[in-house]
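Chemist: Take a look at this one; I'll ask things after.
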Amino acid sequence: MNYRALIATTVLSASILASGQASAHAKLVASDPAANATVAAPKTISLTFNEKLAPAFSTFELAMADGMKTPVKTTVSPDRKTIRGAPKGRLMPGAYKLTWYAAAADDGHRMDGTLTFTVK
């Protein structure tokens, strides 16, 4: 194998390995309340992911449809796969948007997303 072919093969192999590692990010697999659900005012909200999270970089925010934020204290569970939050005070009836941020413990890659639910 000549020198250029060796370099090309090495670069290609490194690219394949890097792309394989990059695809393993924390993904939301369950939430309570569920996305788009109509529920009684929850005392706690939980988001469960497919892999362990870095607690320092994993949290969520809650806001009403009009953008008014609702204070929530969040923690990551001992197994580091679930973010739990307790709204400070009872949630009023209406639509809520939850915006989450989660960093995978293994590679630190930060993911984010949103879901909505309605309190009756």
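Convention: chains lettered A, B, ... in structure tokens order; per-chain residue numbering from 1; ligands numbered from 1 as shown.
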Please report as a tab-separated table every residue of segment 48-71 of chain A lying within 9 Å of segment 83-98 of chain A, along with the nearest atom pair and their distance in Å (one decimal), using only C-alpha atoms.
Modeler:
```
residue	atom	partner	partner_atom	distance
A:Thr48	CA	A:Ile83	CA	6.6
A:Phe49	CA	A:Ile83	CA	8.4
A:Leu53	CA	A:Ile83	CA	8.8
A:Pro55	CA	A:Ile83	CA	8.5
A:Ser58	CA	A:Ile83	CA	7.2
A:Thr59	CA	A:Ile83	CA	6.5
A:Phe60	CA	A:Leu98	CA	6.7
A:Glu61	CA	A:Leu98	CA	5.7
A:Leu62	CA	A:Leu98	CA	4.6
A:Ala63	CA	A:Lys97	CA	5.3
A:Met64	CA	A:Tyr96	CA	4.4
A:Ala65	CA	A:Ala95	CA	5.4
A:Asp66	CA	A:Ala95	CA	8.8
A:Gly67	CA	A:Lys97	CA	8.4
A:Thr70	CA	A:Pro87	CA	6.9
A:Pro71	CA	A:Lys88	CA	5.7
```
Chemist: Produce a file of the selected residues containing N, CA, C and O atoms, as a short mmCIF file (atom, residue, chain, number, x, y, z; two decimals), in the first residue's frame.
Modeler:
```cif
data_model
loop_
_atom_site.label_atom_id
_atom_site.label_comp_id
_atom_site.auth_asym_id
_atom_site.auth_seq_id
_atom_site.Cartn_x
_atom_site.Cartn_y
_atom_site.Cartn_z
N THR A 48 -37.33 10.49 31.48
CA THR A 48 -36.43 9.35 31.53
C THR A 48 -35.71 9.20 30.20
O THR A 48 -36.33 9.28 29.14
N PHE A 49 -34.40 8.97 30.28
CA PHE A 49 -33.55 8.88 29.10
C PHE A 49 -32.98 7.48 28.94
O PHE A 49 -33.01 6.68 29.87
N LEU A 53 -26.94 10.27 32.53
CA LEU A 53 -26.77 11.69 32.27
C LEU A 53 -25.68 12.29 33.15
O LEU A 53 -25.37 11.76 34.22
N PRO A 55 -25.29 14.96 35.62
CA PRO A 55 -26.23 15.77 36.40
C PRO A 55 -26.01 17.28 36.31
O PRO A 55 -26.97 18.05 36.29
N SER A 58 -27.86 18.58 33.12
CA SER A 58 -29.15 17.99 32.77
C SER A 58 -30.25 18.57 33.64
O SER A 58 -30.21 18.44 34.87
N THR A 59 -31.21 19.22 33.01
CA THR A 59 -32.27 19.92 33.74
C THR A 59 -33.44 20.16 32.79
O THR A 59 -33.40 19.79 31.62
N PHE A 60 -34.48 20.81 33.29
CA PHE A 60 -35.55 21.29 32.41
C PHE A 60 -36.16 22.56 32.97
O PHE A 60 -36.00 22.88 34.14
N GLU A 61 -36.83 23.28 32.08
CA GLU A 61 -37.55 24.50 32.42
C GLU A 61 -39.00 24.31 32.04
O GLU A 61 -39.31 23.58 31.09
N LEU A 62 -39.89 24.98 32.73
CA LEU A 62 -41.32 24.88 32.48
C LEU A 62 -41.91 26.26 32.31
O LEU A 62 -41.61 27.17 33.08
N ALA A 63 -42.74 26.42 31.29
CA ALA A 63 -43.38 27.72 31.04
C ALA A 63 -44.81 27.49 30.58
O ALA A 63 -45.13 26.47 29.95
N MET A 64 -45.65 28.44 30.89
CA MET A 64 -47.03 28.40 30.38
C MET A 64 -47.00 28.80 28.91
O MET A 64 -45.98 29.30 28.41
N ALA A 65 -48.10 28.60 28.22
CA ALA A 65 -48.18 28.90 26.79
C ALA A 65 -47.84 30.35 26.47
O ALA A 65 -47.28 30.65 25.42
N ASP A 66 -48.13 31.26 27.41
CA ASP A 66 -47.85 32.68 27.18
C ASP A 66 -46.37 33.03 27.43
O ASP A 66 -45.97 34.18 27.29
N GLY A 67 -45.56 32.03 27.81
CA GLY A 67 -44.14 32.25 28.03
C GLY A 67 -43.75 32.50 29.47
O GLY A 67 -42.57 32.55 29.80
N THR A 70 -42.44 28.96 35.05
CA THR A 70 -42.85 28.41 36.33
C THR A 70 -41.60 27.86 37.01
O THR A 70 -40.92 27.01 36.44
N PRO A 71 -41.27 28.33 38.21
CA PRO A 71 -40.07 27.84 38.89
C PRO A 71 -40.18 26.33 39.17
O PRO A 71 -41.21 25.85 39.64
#
```
Chemist: Among chain A, which residues does DSSP mark as strand (DSSP E) when it is run on the backbone? Keep the chain and numbering as in the structure and answer as an MDAnalysis selection string.
Modeler: chainID A and resid 28:32 38:39 45:49 59:64 69:70 72:76 82:87 94:103 110:119
Chemist: So, with only C-alpha atoms as the atoms that count, which of A:Lys43, A:Lys73, A:Lys81, A:Lys52 lies closest to Val119 of chain A?
Modeler: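 Nearest candidate to Val119 of chain A out of A:Lys43, A:Lys73, A:Lys81, A:Lys52: A:Lys43.
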Chemist: Where does DSSP see alpha helix (DSSP H) in segment 4-110 of chain A, if you list the residues as a list in words?
Modeler: Arg4, Ala5, Leu6, Ile7, Ala8, Thr9, Thr10, Val11, Leu12, Ser13, Ala14, Ser15, Ile16, Leu17, Ala18, Ser19, Gly20, Gln21 and Ala22 of chain A
Chemist: Check the smallest atom-to-atom distance from each of A:Val39, A:Val29, A:Ala34, A:Met68 to Thr82 of chain A using only C-alpha atoms, then report the winner.
Modeler: A:Val29
